[in-house]
Amino acid sequence: MKAAILKGPNRIDVEDYPKPEPGQGEVLLKVDMAALCGTDQRVLRGEKNVSVPIIGHEISGTAEAVGSGVAEDILGKRFAVQTVVGCGECPACQRHHQIFCEQGFKAIGYAWNGGFAEYMIMPKPAVDQGCLIPLPDTMSDAEGTLLEPLSCCINGLRYLPLEEMKRVVVMGAGIIGVLNALVAKARGVEEVIVVNRSQPKLDMIREQNLPIDYLMNSRDTDPVAWVNEHTGGAGVDGVVVSASAKSLVNPGIQMLALGGHLSIFAGFNKADPLEPIDLNLIHYRELHVHGANSSVRRDYIEAIELLQAGKVDSAKLITHTYSLDDFLDAMKAQSDPDVHSLKILIKP
Ligand SMILES: [Zn+2]
Ligand SMILES: [Zn+2]
């Protein structure tokens with residue numbers, strides 16, 4: 001089969017790779033579509049280590065073969081892939097919350113080969129834990145790839161009472177920032193403000209006519225001062241940090257209203273993750289701080305509902321599709337601000 005093979009930092013070659021065969025308890029998926037994620041760029045640059053040669057974790061595929069012990073009635077059915085796989089035994093895994101697995105979770109496309117190939121194996125623990133998420137017939141393969149990033153945003157925002165919030169600021173205008181903004185809108189936030197330093201990215205969102213109320217370039221406008229003026233000094237109810245810049249955390253805290261919620265969706269440079277914070281702001285202003293780290297089945301199911309209800313419009317988010325042969329062009333396009341991409345798909 002054809003696959004994009006990671007050879008080392010900044011080197012991926014599309015070449016032949018042995019087509020896998022499903023062993024006991026495993027499922028062979030024909031990859032219908034797989035999306036590029038910002039994390040894939042970090043893996044390519046050597047900033048994030050993976051233990052397999054084939055990455056790609058935003059996947060929709062069709063069950064083509066099953067190993068012994070797997071019911072054949074799933075053959076021919078289409079699935080999205082829940083990336084996170086736990087031990088399957090601990091209390092968190094038992095309640096299908098593998099993010100909190102006591103053994104630490106492993107992920108498809110990191111610990112097992114992923115979706116930038118014609119075929120991939122769903123390993124036994126993933127099959128056993130229900131990590132094949134059935135796609136509705138009305139959902140396209142392309143749309144299916146959005147379930148993973150969208151489900152991560154749904155999980156990350158789960159502990160924010162968005163239904164009661166008037167204003168939320170999302171820092172970062174990549175696809176994750178946009179998806180966070182759309183989930184906030186879908187859950188009833190009146191005004192969502194997306195902040196970014198890149199005007200092309202903001203222009204791109206404007207061109208796609210997404211339901212985002214304000215697009216702010218933080219090079220021209222100080223977001224803290226703007227929020228202060230725009231809200232008569234009250235602040236916003238929620239801030240979502242969706243860009244990997246720890247310098248965004250302090251302004252985020254400063255623009256929160258009393259009792260406001262800060263969600264740290266993005267991860268930061270592991271070599272330098274410290275940031276001084278005025279803890280008295282959190283104490284006296286009764287702020288809430290949340291983390292976010294991937295997603296599990298309940299989040300995928302809600303992501304399907306949001307897409308099917310039209311609250312997240314995939315046609316406005318998927319901007320480019322490349323063949324697997326053109327994988328390197330796709331990676332280049334993803335990191336080129338002139339390309340104006342939001343989500344880039346690979347069709348094997
Ligand atoms: Zn991703
Ligand atoms: Zn576990």
# chains A, B, ... in the order shown; residues from 1 in each chain; ligands from 1
$ residues_near_ligand --ligand "ligand 2" --cutoff "8 Å" --atoms "only C-alpha atoms and all ligand atoms" --output "list in words"
Gly86, Cys87, Gly88, Glu89, Cys90, Pro91, Ala92, Cys93, Gln94, Gln98, Phe100, Cys101, Glu102, Gln103, Gly104 and Phe105 of chain A
$ residues_near_ligand --ligand "ligand 1" --cutoff "9 Å" --atoms "only C-alpha atoms and all ligand atoms" --output "number ranges by chain"
A: 35-40, 56-58, 148-149, 152, 176, 294
$ residues_around --residues "Ala65 in chain A" --least-positions-apart "3" --cutoff "9 Å" --atoms "only C-alpha atoms" --output "list of chain:residue names"
A:Glu21, A:Pro22, A:Glu26, A:Val27, A:Leu28, A:Leu29, A:Lys30, A:Glu72, A:Ile74, A:Leu75, A:Gly76
$ residues_around --residues "range 214-217 of chain A" --least-positions-apart "3" --cutoff "6 Å" --atoms "only C-alpha atoms" --output "list in words"
Ile193, Val194, Val195, Asn196, Arg197 and Asp220 of chain A
$ write_last_selection --atoms "N, CA and C atoms" --output "PDB file, in the first residue's frame"
ATOM      1  N   ILE A 193     -15.334  36.490  20.274  1.00  0.00           N
ATOM      2  CA  ILE A 193     -14.283  37.352  19.728  1.00  0.00           C
ATOM      3  C   ILE A 193     -13.056  36.473  19.483  1.00  0.00           C
ATOM      4  N   VAL A 194     -12.582  36.423  18.243  1.00  0.00           N
ATOM      5  CA  VAL A 194     -11.392  35.634  17.930  1.00  0.00           C
ATOM      6  C   VAL A 194     -10.219  36.585  17.726  1.00  0.00           C
ATOM      7  N   VAL A 195      -9.132  36.306  18.429  1.00  0.00           N
ATOM      8  CA  VAL A 195      -7.967  37.186  18.423  1.00  0.00           C
ATOM      9  C   VAL A 195      -6.786  36.446  17.801  1.00  0.00           C
ATOM     10  N   ASN A 196      -6.079  37.114  16.914  1.00  0.00           N
ATOM     11  CA  ASN A 196      -4.890  36.517  16.305  1.00  0.00           C
ATOM     12  C   ASN A 196      -3.958  37.618  15.826  1.00  0.00           C
ATOM     13  N   ARG A 197      -2.682  37.256  15.647  1.00  0.00           N
ATOM     14  CA  ARG A 197      -1.719  38.248  15.150  1.00  0.00           C
ATOM     15  C   ARG A 197      -1.602  38.224  13.636  1.00  0.00           C
ATOM     16  N   ASP A 220      -2.592  45.176  16.049  1.00  0.00           N
ATOM     17  CA  ASP A 220      -3.139  46.541  15.948  1.00  0.00           C
ATOM     18  C   ASP A 220      -3.878  46.959  17.209  1.00  0.00           C
TER      19      ASP A 220
END
$ residues_around --residues "Tyr300 in chain A" --least-positions-apart "5" --cutoff "9 Å" --atoms "only C-alpha atoms" --output "list of chain:residue names"
A:Ala80, A:Gln82, A:Ile133, A:Leu147, A:Glu148, A:Leu150, A:Ser151, A:Cys152, A:Ile154, A:Ser295, A:Glu305
$ write_last_selection --atoms "C-alpha atoms" --output "CSV table (one decimal), in the first residue's frame"
chain,number,residue,atom,x,y,z
A,80,ALA,CA,-14.3,7.9,12.6
A,82,GLN,CA,-11.3,7.9,18.5
A,133,ILE,CA,-17.2,5.7,16.1
A,147,LEU,CA,-14.9,14.8,14.5
A,148,GLU,CA,-11.5,14.4,16.2
A,150,LEU,CA,-14.2,19.2,17.1
A,151,SER,CA,-14.5,16.6,19.9
A,152,CYS,CA,-11.3,17.9,21.5
A,154,ILE,CA,-16.2,20.0,23.0
A,295,SER,CA,-11.4,13.7,23.8
A,305,GLU,CA,-24.7,16.2,16.6
$ atom_distance --atom1 "CA of Glu275 in chain A" --atom2 "CA of Ser247 in chain A"
7.6 Å
$ closest_residue --among "A:Lys7, A:Ile108, A:Val227, A:Val14" --to "Ser323 in chain A" --atoms "only C-alpha atoms"
A:Val14
$ closest_residue --among "A:Arg45, A:His230, A:His261, A:Lys106" --to "His288 in chain A" --atoms "only C-alpha atoms"
A:His261
$ closest_residue --among "A:Leu307, A:Val127, A:Cys153, A:Leu345" --to "Leu324 in chain A" --atoms "only C-alpha atoms"
A:Leu345
$ select_by_dssp --residues "range 29-241 of chain A" --states "helix (DSSP H, G or I)" --output "JSON, numbers by chain"
{"A": [38, 39, 40, 41, 42, 43, 44, 72, 73, 74, 91, 92, 93, 94, 98, 99, 100, 124, 125, 126, 127, 128, 141, 142, 143, 144, 147, 148, 149, 150, 151, 152, 153, 154, 155, 156, 162, 163, 164, 175, 176, 177, 178, 179, 180, 181, 182, 183, 184, 185, 186, 199, 200, 201, 202, 203, 204, 205, 206, 207, 223, 224, 225, 226, 227, 228, 229, 230]}
$ write_last_selection --atoms "C-alpha atoms" --output "JSON list (two decimals), in the first residue's frame"
[["chain", "number", "residue", "atom", "x", "y", "z"],
["A", 38, "GLY", "CA", -1.05, 21.31, 13.60],
["A", 39, "THR", "CA", 0.50, 18.55, 15.70],
["A", 40, "ASP", "CA", 1.60, 16.79, 12.50],
["A", 41, "GLN", "CA", 3.78, 19.81, 11.70],
["A", 42, "ARG", "CA", 5.35, 19.59, 15.15],
["A", 43, "VAL", "CA", 6.07, 15.90, 14.62],
["A", 44, "LEU", "CA", 7.59, 16.65, 11.21],
["A", 72, "GLU", "CA", -18.04, -9.40, 10.81],
["A", 73, "ASP", "CA", -21.15, -7.25, 10.80],
["A", 74, "ILE", "CA", -18.97, -4.14, 10.89],
["A", 91, "PRO", "CA", -11.90, 2.96, 36.61],
["A", 92, "ALA", "CA", -11.49, 5.84, 34.12],
["A", 93, "CYS", "CA", -11.33, 3.45, 31.18],
["A", 94, "GLN", "CA", -14.30, 1.52, 32.56],
["A", 98, "GLN", "CA", -9.55, 7.14, 28.64],
["A", 99, "ILE", "CA", -8.04, 10.64, 28.91],
["A", 100, "PHE", "CA", -7.72, 9.91, 32.65],
["A", 124, "LYS", "CA", -7.35, -4.62, 19.75],
["A", 125, "PRO", "CA", -7.53, -2.30, 22.80],
["A", 126, "ALA", "CA", -9.01, 0.44, 20.58],
["A", 127, "VAL", "CA", -11.58, -1.95, 19.13],
["A", 128, "ASP", "CA", -12.40, -3.32, 22.58],
["A", 141, "ASP", "CA", -15.90, 11.02, 4.82],
["A", 142, "ALA", "CA", -14.47, 14.54, 4.78],
["A", 143, "GLU", "CA", -16.82, 15.67, 7.54],
["A", 144, "GLY", "CA", -15.90, 12.57, 9.54],
["A", 147, "LEU", "CA", -14.92, 14.81, 14.53],
["A", 148, "GLU", "CA", -11.53, 14.43, 16.22],
["A", 149, "PRO", "CA", -10.57, 18.12, 16.45],
["A", 150, "LEU", "CA", -14.17, 19.17, 17.10],
["A", 151, "SER", "CA", -14.53, 16.58, 19.85],
["A", 152, "CYS", "CA", -11.35, 17.92, 21.48],
["A", 153, "CYS", "CA", -12.90, 21.39, 21.60],
["A", 154, "ILE", "CA", -16.15, 19.99, 22.98],
["A", 155, "ASN", "CA", -14.20, 18.23, 25.72],
["A", 156, "GLY", "CA", -12.10, 21.31, 26.48],
["A", 162, "LEU", "CA", -21.19, 28.65, 28.09],
["A", 163, "GLU", "CA", -25.00, 28.70, 28.09],
["A", 164, "GLU", "CA", -24.84, 31.42, 30.76],
["A", 175, "ILE", "CA", -8.84, 25.59, 12.95],
["A", 176, "ILE", "CA", -8.84, 24.82, 16.68],
["A", 177, "GLY", "CA", -9.53, 28.45, 17.56],
["A", 178, "VAL", "CA", -12.33, 28.52, 15.00],
["A", 179, "LEU", "CA", -13.84, 25.25, 16.25],
["A", 180, "ASN", "CA", -13.70, 26.48, 19.85],
["A", 181, "ALA", "CA", -15.47, 29.67, 18.74],
["A", 182, "LEU", "CA", -18.15, 27.68, 16.89],
["A", 183, "VAL", "CA", -18.77, 25.38, 19.87],
["A", 184, "ALA", "CA", -19.11, 28.47, 22.09],
["A", 185, "LYS", "CA", -21.63, 29.99, 19.68],
["A", 186, "ALA", "CA", -23.50, 26.69, 19.35],
["A", 199, "GLN", "CA", -4.21, 39.21, 9.35],
["A", 200, "PRO", "CA", -4.34, 36.57, 6.56],
["A", 201, "LYS", "CA", -5.82, 34.08, 9.03],
["A", 202, "LEU", "CA", -8.41, 36.58, 10.19],
["A", 203, "ASP", "CA", -9.22, 37.50, 6.58],
["A", 204, "MET", "CA", -9.64, 33.83, 5.81],
["A", 205, "ILE", "CA", -12.22, 33.44, 8.57],
["A", 206, "ARG", "CA", -14.03, 36.54, 7.37],
["A", 207, "GLU", "CA", -14.07, 35.19, 3.79],
["A", 223, "PRO", "CA", -7.18, 42.82, 23.39],
["A", 224, "VAL", "CA", -7.20, 43.57, 27.14],
["A", 225, "ALA", "CA", -7.81, 47.28, 26.55],
["A", 226, "TRP", "CA", -10.42, 46.52, 23.89],
["A", 227, "VAL", "CA", -12.31, 44.15, 26.18],
["A", 228, "ASN", "CA", -12.15, 46.67, 28.97],
["A", 229, "GLU", "CA", -13.67, 49.37, 26.80],
["A", 230, "HIS", "CA", -16.13, 47.10, 25.00]]
$ residues_around --residues "Leu256 in chain A" --least-positions-apart "6" --cutoff "7 Å" --atoms "only C-alpha atoms" --output "JSON, numbers by chain"
{"A": [235, 236, 237, 238]}
$ atom_distance --atom1 "CA of Lys166 in chain A" --atom2 "CA of Asp222 in chain A"
20.5 Å
$ closest_residue --among "A:Met171, A:Ala234, A:Ile121, A:Leu287" --to "Ile264 in chain A" --atoms "only C-alpha atoms"
A:Met171
$ residues_around --residues "Val50 in chain A" --least-positions-apart "6" --cutoff "8 Å" --atoms "only C-alpha atoms" --output "list in words"
Val43, Gly109, Tyr110 and Ala111 of chain A
$ write_last_selection --atoms "N, CA and C atoms" --output "tab-separated table (two decimals), in the first residue's frame"
chain	number	residue	atom	x	y	z
A	43	VAL	N	5.40	17.20	14.76
A	43	VAL	CA	6.07	15.90	14.62
A	43	VAL	C	7.09	15.98	13.49
A	109	GLY	N	-1.86	7.00	15.67
A	109	GLY	CA	-1.07	8.00	14.93
A	109	GLY	C	0.15	8.46	15.71
A	110	TYR	N	0.27	7.99	16.96
A	110	TYR	CA	1.44	8.29	17.80
A	110	TYR	C	2.09	6.99	18.28
A	111	ALA	N	1.27	6.13	18.89
A	111	ALA	CA	1.77	4.85	19.40
A	111	ALA	C	1.46	3.70	18.44
